[in-house]
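Please read the structure below before turning to the comments.
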Amino acid sequence: MANRKSKLCSLKEALDGIGDGAKIMAAGAHFNNIPMALVRELVRKRVRGLELIPTPSAGLWVDMLIAAGSVSTVHVSYIGMEFLGLAPNFRRAAESKSIAIDERDEPTIFHGLRATGAGLPFVVLPPIHKMTDLPSVNPKVYKEIQDPFTGETAIAIPPLSPDVALIHFAKCDEYGNAVSAGGRHMEDIIAKASKRVIISAEQIVTTDEISATPTQTTLPGVMVDAVVHAPYGCYPGTCPGLYAYDRTHLEEYYELARKNRTQAYLDKYVYGSDGDAALLAAIPEGRLESLRIV
Amino acid sequence: MANRKSKLCSLKEALDGIGDGAKIMAAGAHFNNIPMALVRELVRKRVRGLELIPTPSAGLWVDMLIAAGSVSTVHVSYIGMEFLGLAPNFRRAAESKSIAIDERDEPTIFHGLRATGAGLPFVVLPPIHKMTDLPSVNPKVYKEIQDPFTGETAIAIPPLSPDVALIHFAKCDEYGNAVSAGGRHMEDIIAKASKRVIISAEQIVTTDEISATPTQTTLPGVMVDAVVHAPYGCYPGTCPGLYAYDRTHLEEYYELARKNRTQAYLDKYVYGSDGDAALLAAIPEGRLESLRIV
Amino acid sequence: MECSVAELMAVAMSHELRDDDFAAVGAASQIPVCALRLAQKTHAPNLWYLYGGSGAVNSKSKALVESAADYRNLFGAEYRAPLMDIIDFEFSGRFTLCFFGGMQIDQYGNVNMVCIGDYEKPVVRGPGTVGTVFTSSFRRVVLYVQHHNPRLFVPKVDFLSGPGFPQDAAIERYRPKFSEGPVSVVTPLAIMDFRTPDKRMRLRSVHPGHTVEEVQSQTGFELVVDGTVPKTPEPTAEELRIIREEIDTTGVLRRLIE
Amino acid sequence: MECSVAELMAVAMSHELRDDDFAAVGAASQIPVCALRLAQKTHAPNLWYLYGGSGAVNSKSKALVESAADYRNLFGAEYRAPLMDIIDFEFSGRFTLCFFGGMQIDQYGNVNMVCIGDYEKPVVRGPGTVGTVFTSSFRRVVLYVQHHNPRLFVPKVDFLSGPGFPQDAAIERYRPKFSEGPVSVVTPLAIMDFRTPDKRMRLRSVHPGHTVEEVQSQTGFELVVDGTVPKTPEPTAEELRIIREEIDTTGVLRRLIE
């Protein structure tokens with residue numbers, strides 16, 4: 001009997017094969033459960049021309065990759081820093097036209113992903129977008145269609161298919177069976193729509209631990225291509241159930257970003273390090289412990 | 001401060017308002033997690049002309065309501081008795097045309113419910129049904145449509161909206177927050193699509209017990225209209241995590257049904273009883289205990 | 001009893017909620033979260049509510065955290081809604097009320113979250129429309145903002161991301177039948193509504209310490225004024241006690257708006 | 001070693017599975033379930049599999065229960081897939097192999113689960129098409145039946161619920177690009193496939209104790225026969241040991257087919 005192959009690998013190995021122009025999606029909502037360790041590695045990779053497909057509520061990771069010069073296009077539903085304000089690098093890049101914007105919104109991104117994940121050719125929404133300016137600025141995405149059952153007008157939107165999805169979990173096994181301590185948000189929706197799924201986790205556990213409670217597995221390993229062990233992989237954001245966001249560190253990022261000095265942040269915390277070693281070493285003593293949720 | 005209203009009521013009260021011709025959906029897959037206590041009460045109600053919308057894999061409850069003379073139409077994906085064979089009353093009624101059949105299949109029922117639950121006007125499937133005889137026997141459900149993005153042919157199906165959904169859970173609180181011990185199957189999909197949602201549960205627990213693990217709630221009470229305490233509510237089927245199906249009893253049903261003597265079964269176990277009292281009293285000593293899963 | 005503007009707004013917003021509502025809030029929403037919890041603890045014990053990003057239904061968190069997406073909102077919650085539920089509820093009319101903000105709001109209740117200035121050459125690029133399209137499909141929408149000035153309240157939004165009341169029947173017919181659209185606007189100065197024949201914004205009440213003239217001068221279009229405009233009722237002592245002892249135990253709303 | 005027909009079928013079906021497959025089975029599927037588990041324990045350790053009704057992924061149950069929908073299949077499983085996942089995987093080509101049965105199977109691999117006789121006046125009303133439409137969208141489909149007779153193997157199905165190989169290019173173009181259609185048919189008498197120019201059913205091997213003539217006489221259409229038809233390989237001692245000691249510990253497959 002042969003052995004089952006482990007999907008466990010390093011940050012660097014996990015991102016192998018992501019080239020210029022790839023379509024990247026990262027999970028998370030605002031500062032919650034963003035796969036920052038994987039995003040930082042992507043920054044270090046210095047790829048160019050990425051097309052970002054953020055979740056309906058994103059900010060930090062998009063802003064950072066824009067500052068790193070890796071981005072050519074962003075699908076926009078909400079790109080901001082929630083309670084901190086607008087996303088400075090996104091705002092500058094959008095106003096100066098140094099990135100292209102594919103203007104969408106929450107239901108369009110969600111149902112576009114659903115179309116791919118569910119194997120549906122396209123999705124039809126009720127015509128409420130016709131009450132807004134969205135269809136006029138993005139006519140290739142919002143197409144009028146007639147309901148064959150009622151004759152009413154509806155809106156068709158196309159499938160959305162990221163090349164690579166990045167998702168962080170509280171724990172997983174080496175085959176990619178993964179658990180979100182804060183419950184499922186849209187990890188399954190993202191993974192189903194994506195050609196390649198890379199996950200990181202705070203803790204790598206045995207498959208026996210996973211299969212003791214199969215109803216609590218958030219994402220099955222059959223949908224996962226690579227697994228990385230990344231403690232504090234959501235930092236400076238929140239990892240639900242394990243640690244809270246670091247407001248001080250987020251403010252440091254935000255202030256530098258506002259002053260168009262994100263490069264200084266990246267030099268200090270991201271570049272020139274193997275993985276997150278530089279970042280974790282630079283965080284003041286006791287800070288990480290203070291964020292932990294008991 | 002006013003008090004929160006309990007949704008707890010008797011089997012009889014829960015089914016109040018279900019009249020002749022109602023569209024009824026019951027949850028469950030094969031003999032798993034079927035809301036039999038609620039179905040038996042529906043039999044006792046002696047309503048007529050029901051339109052049944054079973055899950056993609058159903059049998060016992062449909063067969064029983066047909067035998068009781070309550071059914072005029074059945075949406076069919078799979079109506080059978082799984083390892084026991086075909087569903088005898090369904091088969092007879094279908095062959096003799098005493099019921100109408102709305103021929104569908106698993107994805108059509110699922111995505112029809114999704115359309116209603118997600119507020120979408122209709123759902124578009126890839127054209128694989130064109131490779132089968134389904135569209136030709138049910139042309140009102142399967143409509144050809146052109147993909148506005150690719151020009152390809154696709155299949156549009158209409159929303160499916162049960163008037164009443166019946167669902168059983170391992171436990172719930174008096175406000176309808178409910179937990180399936182065997183994990184979610186499609187309880188959420190059914191509830192979202194249905195105008196009225198009636199649930200039963202093996203055990204009524206406190207809201208504190210529910211809110212101790214909110215990520216494990218299968219269905220939130222906001223989608224529930226009535227709650228019934230129904231121990232052995234899936235019997236003679238399985239209640240996942242609590243008890244297994246009673247094969248002896250199922251065979252008794254099946255043999256009587258094959259001989260067109262389901263009326264004798266109903267007289268013995270369903271009619272003439274307040275709730276399930278007659279049924280539970282008629283089960284041989286020790287049988288129920290032997291089915292329990294430790 | 002002295003109360004802060006944010007507390008006054010939260011109490012006013014709680015009065016918009018009914019006992020049979022299923023309400024939702026999005027990100028950074030301490031005032032609406034307080035309104036929801038206060039309503040549930042006073043006149044609306046059967047109210048259900050959901051915090052967007054965290055999916056928490058009926059959270060019982062005793063502190064107002066900065067983010068509705070914060071996992072800690074799951075404390076005492078009865079359900080964790082995945083995003084699919086939220087979007088399903090938004091399209092299908094299950095949410096009966098939602099609180100929404102905006103970078104710009106115009107006289108017909110249209111909301112803009114996308115840009116100030118021309119879309120092709122924006123002066124300010126906003127975060128994006130998120131779910132503001134759903135102002136057309138929540139049964140009732142309460143708009144609220146933490147500032148009240150003519151840059152925010154404009155005659156016509158630069159980008160229409162959240163529909164108010166279109167003045168064109170051909171557009172209005174796209175609204176789902178169950179939707180009433182925006183029903184009120186709560187700001188640090190006043191409460192407005194759209195109870196006018198043409199759905200123009202009307203001044204409903206002015207907060208204590210402010211005047212009709214001041215509100216009008218801080219609004220970039222003419223507000224409809226019907227006779228004498230009443231004062232916004234102040235929170236009762238019991239409302240303030242519940243807020244401070246049971247909901248906002250760390251005093252966020254006492255510091256939120258200067 | 002003596003083995004039962006069901007065990008022989010399970011072993012033959014396990015050989016159809018590859019190490020990179022994600023396979024699925026529906027209801028009442030003890031033979032395919034045994035095939036899946038055997039493959040994972042021998043040549044395909046990276047195989048993933050799902051049992052329909054229970055949603056169990058990679059179940060490690062040590063007994064073959066009667067129903068794939070049985071909750072007890074969750075024993076040792078790594079995930080509990082809700083029905084949405086299953087239907088998504090079915091449409092999108094994520095399932096690479098599925099085992100399917102049928103009331104009728106015809107010479108082009110079309111499957112019927114709906115009725116015997118005319119649809120409007122059926123002689124036997126079957127259970128319905130369930131998910132047999134997906135014989136067109138699983139990457140590979142293995143058909144299997146517990147009987148082999150001319151009532152089951154018919155020239156043309158009375159109702160086409162599961163597509164095999166349509167002889168009309170206008171129909172064939174609806175098949176997703178990733179789908180190969182039915183690749184084999186496993187019965188108590190023989191194994192068939194469709195490796196013929198026109199995708200007609202071909203006799204691949206005959207089980208020990210049976211003959212080509214017998215198989216042909218029990219089939220309602222002419223099977224393609226290429227030269228000498230080999231015997232179906234018998235299970236190895238190790239395969240039988242694994243089945244009896246680790247998978248089918250209660251001996252279901254020894255009693256299943258008389």
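Scheme for the structure tokens: letters A, B, ... for chains in order shown; per-chain residue numbers from 1; ligand numbers from 1 in order shown.
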12 Å contact set for A:Lys97, only C-alpha atoms, chain neighbours under 5 positions out, as a PyMOL selection string | (chain A and resi 71-74+89-92) or (chain C and resi 119-123+125)
Using only C-alpha atoms, select each residue of chain C with any atom at most 8 Å away from an atom of chain B, and give the selection as a PyMOL selection string.
-> chain C and resi 22+41-46+48+74-80+87-89+91-93
Go ahead and write the residues just picked, N, CA and C atoms, as a compact mmCIF listing (two decimals), in the first residue's frame.
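The new file selection_10.txt reads:
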# COMPACT_ATOMS: atom_id res chain seq x y z
N PHE C 22 -36.29 41.99 11.11
CA PHE C 22 -35.00 41.28 11.01
C PHE C 22 -34.07 42.29 10.38
N LYS C 41 -33.95 45.24 23.79
CA LYS C 41 -34.07 45.24 25.25
C LYS C 41 -35.24 46.12 25.73
N THR C 42 -35.90 46.83 24.82
CA THR C 42 -37.03 47.68 25.25
C THR C 42 -38.32 47.25 24.56
N HIS C 43 -38.63 47.87 23.42
CA HIS C 43 -39.94 47.64 22.81
C HIS C 43 -39.98 46.52 21.79
N ALA C 44 -38.83 45.92 21.44
CA ALA C 44 -38.82 44.94 20.35
C ALA C 44 -38.10 43.66 20.74
N PRO C 45 -38.63 42.93 21.74
CA PRO C 45 -37.93 41.72 22.22
C PRO C 45 -37.82 40.64 21.15
N ASN C 46 -38.67 40.70 20.14
CA ASN C 46 -38.63 39.67 19.09
C ASN C 46 -37.84 40.09 17.86
N TRP C 48 -34.83 40.40 15.45
CA TRP C 48 -33.62 39.65 15.14
C TRP C 48 -32.67 40.59 14.41
N LEU C 74 -19.58 37.23 18.01
CA LEU C 74 -20.25 35.93 18.12
C LEU C 74 -20.58 35.59 19.57
N PHE C 75 -20.07 36.39 20.51
CA PHE C 75 -20.38 36.12 21.91
C PHE C 75 -21.90 36.15 22.11
N GLY C 76 -22.41 35.04 22.59
CA GLY C 76 -23.84 34.96 22.89
C GLY C 76 -24.75 34.94 21.67
N ALA C 77 -24.16 34.88 20.48
CA ALA C 77 -24.99 34.86 19.27
C ALA C 77 -25.72 33.53 19.15
N GLU C 78 -26.81 33.55 18.38
CA GLU C 78 -27.62 32.34 18.24
C GLU C 78 -27.32 31.60 16.94
N TYR C 79 -26.57 32.24 16.06
CA TYR C 79 -26.28 31.66 14.74
C TYR C 79 -25.11 32.40 14.14
N ARG C 80 -24.34 31.72 13.31
CA ARG C 80 -23.25 32.34 12.55
C ARG C 80 -23.65 32.21 11.07
N ILE C 87 -26.38 37.48 1.68
CA ILE C 87 -26.75 37.94 0.33
C ILE C 87 -28.12 37.39 -0.06
N ASP C 88 -28.41 36.17 0.34
CA ASP C 88 -29.75 35.62 0.07
C ASP C 88 -30.83 36.47 0.76
N PHE C 89 -30.60 36.80 2.02
CA PHE C 89 -31.59 37.60 2.76
C PHE C 89 -31.73 38.99 2.13
N PHE C 91 -31.32 39.85 -1.11
CA PHE C 91 -32.07 39.84 -2.37
C PHE C 91 -33.54 39.45 -2.18
N SER C 92 -33.80 38.59 -1.21
CA SER C 92 -35.13 37.99 -1.14
C SER C 92 -36.10 38.75 -0.24
N GLY C 93 -35.64 39.84 0.35
CA GLY C 93 -36.56 40.63 1.17
C GLY C 93 -36.73 40.12 2.58
Interface, chain A side, toward chain B (12 Å; only C-alpha atoms) as a PyMOL selection string = chain A and resi 107+110-111+114-116+118-128+139-159+179-185+213-218+240-241
For atom CA of A:Phe31 and atom CA of A:Leu134, the interatomic separation in Å (one decimal) = 26.2 Å
So which residues touch C:Glu2 within 12 Å, counting only C-alpha atoms, skipping near sequence neighbours fewer than 4 positions away, as a PyMOL selection string?
-> chain C and resi 6-8+208+234-237+240-241+254
Would you write out those residues with N, CA, C and O atoms, as a compact mmCIF listing (two decimals), in the first residue's frame?
# COMPACT_ATOMS: atom_id res chain seq x y z
N ALA C 6 -24.07 60.73 19.75
CA ALA C 6 -24.13 59.35 19.25
C ALA C 6 -25.18 58.55 20.02
O ALA C 6 -25.90 57.74 19.45
N GLU C 7 -25.27 58.80 21.32
CA GLU C 7 -26.30 58.12 22.11
C GLU C 7 -27.70 58.57 21.65
O GLU C 7 -28.61 57.74 21.49
N LEU C 8 -27.85 59.88 21.44
CA LEU C 8 -29.14 60.39 20.96
C LEU C 8 -29.52 59.75 19.63
O LEU C 8 -30.66 59.33 19.42
N PRO C 208 -31.96 68.57 20.04
CA PRO C 208 -31.82 69.64 21.05
C PRO C 208 -30.51 70.38 20.85
O PRO C 208 -29.47 69.76 20.58
N GLU C 234 -35.44 63.50 23.54
CA GLU C 234 -34.20 63.07 24.19
C GLU C 234 -34.37 61.65 24.73
O GLU C 234 -35.49 61.24 25.05
N PRO C 235 -33.30 60.93 24.84
CA PRO C 235 -33.38 59.58 25.43
C PRO C 235 -33.95 59.65 26.83
O PRO C 235 -33.69 60.62 27.57
N THR C 236 -34.70 58.64 27.21
CA THR C 236 -35.18 58.57 28.59
C THR C 236 -34.04 58.10 29.49
O THR C 236 -33.03 57.56 29.00
N ALA C 237 -34.21 58.31 30.76
CA ALA C 237 -33.18 57.88 31.72
C ALA C 237 -32.98 56.37 31.62
O ALA C 237 -31.86 55.86 31.69
N LEU C 240 -30.94 55.45 28.53
CA LEU C 240 -29.51 55.73 28.74
C LEU C 240 -28.88 54.72 29.69
O LEU C 240 -27.74 54.29 29.51
N ARG C 241 -29.65 54.35 30.72
CA ARG C 241 -29.12 53.38 31.66
C ARG C 241 -28.82 52.05 30.95
O ARG C 241 -27.76 51.46 31.12
N ARG C 254 -20.03 57.68 23.97
CA ARG C 254 -19.85 58.97 24.63
C ARG C 254 -18.68 59.73 24.03
O ARG C 254 -18.55 60.92 24.20
Within 12 Å of stretch 256-259 of chain A, counting only C-alpha atoms, which residues show up once you throw out same-chain ones fewer than 3 positions away? Write them as a PyMOL selection string, please.
-> chain A and resi 60+63-68+81+84-93+249-253+262-268
Go through stretch 74-191 of chain D and collect every residue that DSSP, computed from the backbone, puts in strand (DSSP E or B); the answer should be as a PyMOL selection string.
-> chain D and resi 79-80+97-100+104-106+111-112+115-118+121-125+140-144+153-154+162+182-186+190-191
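For stretch 36-41 of chain A, the residues within 7 Å (counting only C-alpha atoms, excluding itself and residues fewer than 4 positions away along the chain) are Leu11, Lys12, Lys45, Trp61, Leu166, Ala230, Gly233, Cys234, Tyr235, Val270, Gly275 and Asp276 of chain A.
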If you keep C-alpha atoms, can you produce a file of those selected residues as a CSV table (one decimal), in the first residue's frame?
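Below is the file that was written, selection-v3.csv:
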chain,number,residue,atom,x,y,z
A,11,LEU,CA,5.4,29.7,2.0
A,12,LYS,CA,7.7,30.0,-1.0
A,45,LYS,CA,7.8,37.4,-4.8
A,61,TRP,CA,-4.0,43.2,1.6
A,166,LEU,CA,-5.4,32.3,-0.5
A,230,ALA,CA,1.8,30.0,9.3
A,233,GLY,CA,-0.8,34.2,9.6
A,234,CYS,CA,-3.6,36.8,9.9
A,235,TYR,CA,-1.5,39.3,11.8
A,270,VAL,CA,8.0,42.3,4.8
A,275,GLY,CA,8.9,34.2,5.5
A,276,ASP,CA,7.5,36.3,8.4
Every residue of stretch 32-257 of chain D that DSSP places in alpha helix (DSSP H), as a ChimeraX atom specification | /D:32-41,83-92,169-172,212-217,237-242,252-255
Using only C-alpha atoms, determine which residues lie at most 8 Å from stretch 153-167 of chain D, disregarding the query and same-chain residues fewer than 5 positions distant; provide the list as a ChimeraX atom specification.
-> /B:131-134 /D:104-119,129,132-136,148,172,181-182,198-199,218-221
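Across C:Met84, C:Cys3, C:Ile247, C:Met13, the tightest approach to chain D is made by C:Met84 when counting only C-alpha atoms.
The neighbours of C:Thr232 here are the residues that come within 7 Å of it, using only C-alpha atoms and leaving out any residue fewer than 4 positions away in the same chain; they are C:Ser205, C:Val206, C:His207, C:Pro208.
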Just-selected residues, N, CA, C and O atoms written as a compact mmCIF listing (two decimals), in the first residue's frame:
# COMPACT_ATOMS: atom_id res chain seq x y z
N SER C 205 -37.36 66.22 12.51
CA SER C 205 -37.13 66.81 13.83
C SER C 205 -35.69 67.29 13.92
O SER C 205 -34.82 66.81 13.19
N VAL C 206 -35.48 68.26 14.79
CA VAL C 206 -34.14 68.83 14.97
C VAL C 206 -33.68 68.47 16.37
O VAL C 206 -34.45 68.51 17.32
N HIS C 207 -32.41 68.06 16.48
CA HIS C 207 -31.91 67.63 17.79
C HIS C 207 -31.83 68.82 18.75
O HIS C 207 -31.59 69.96 18.32
N PRO C 208 -31.96 68.57 20.04
CA PRO C 208 -31.82 69.64 21.05
C PRO C 208 -30.51 70.38 20.85
O PRO C 208 -29.47 69.76 20.58
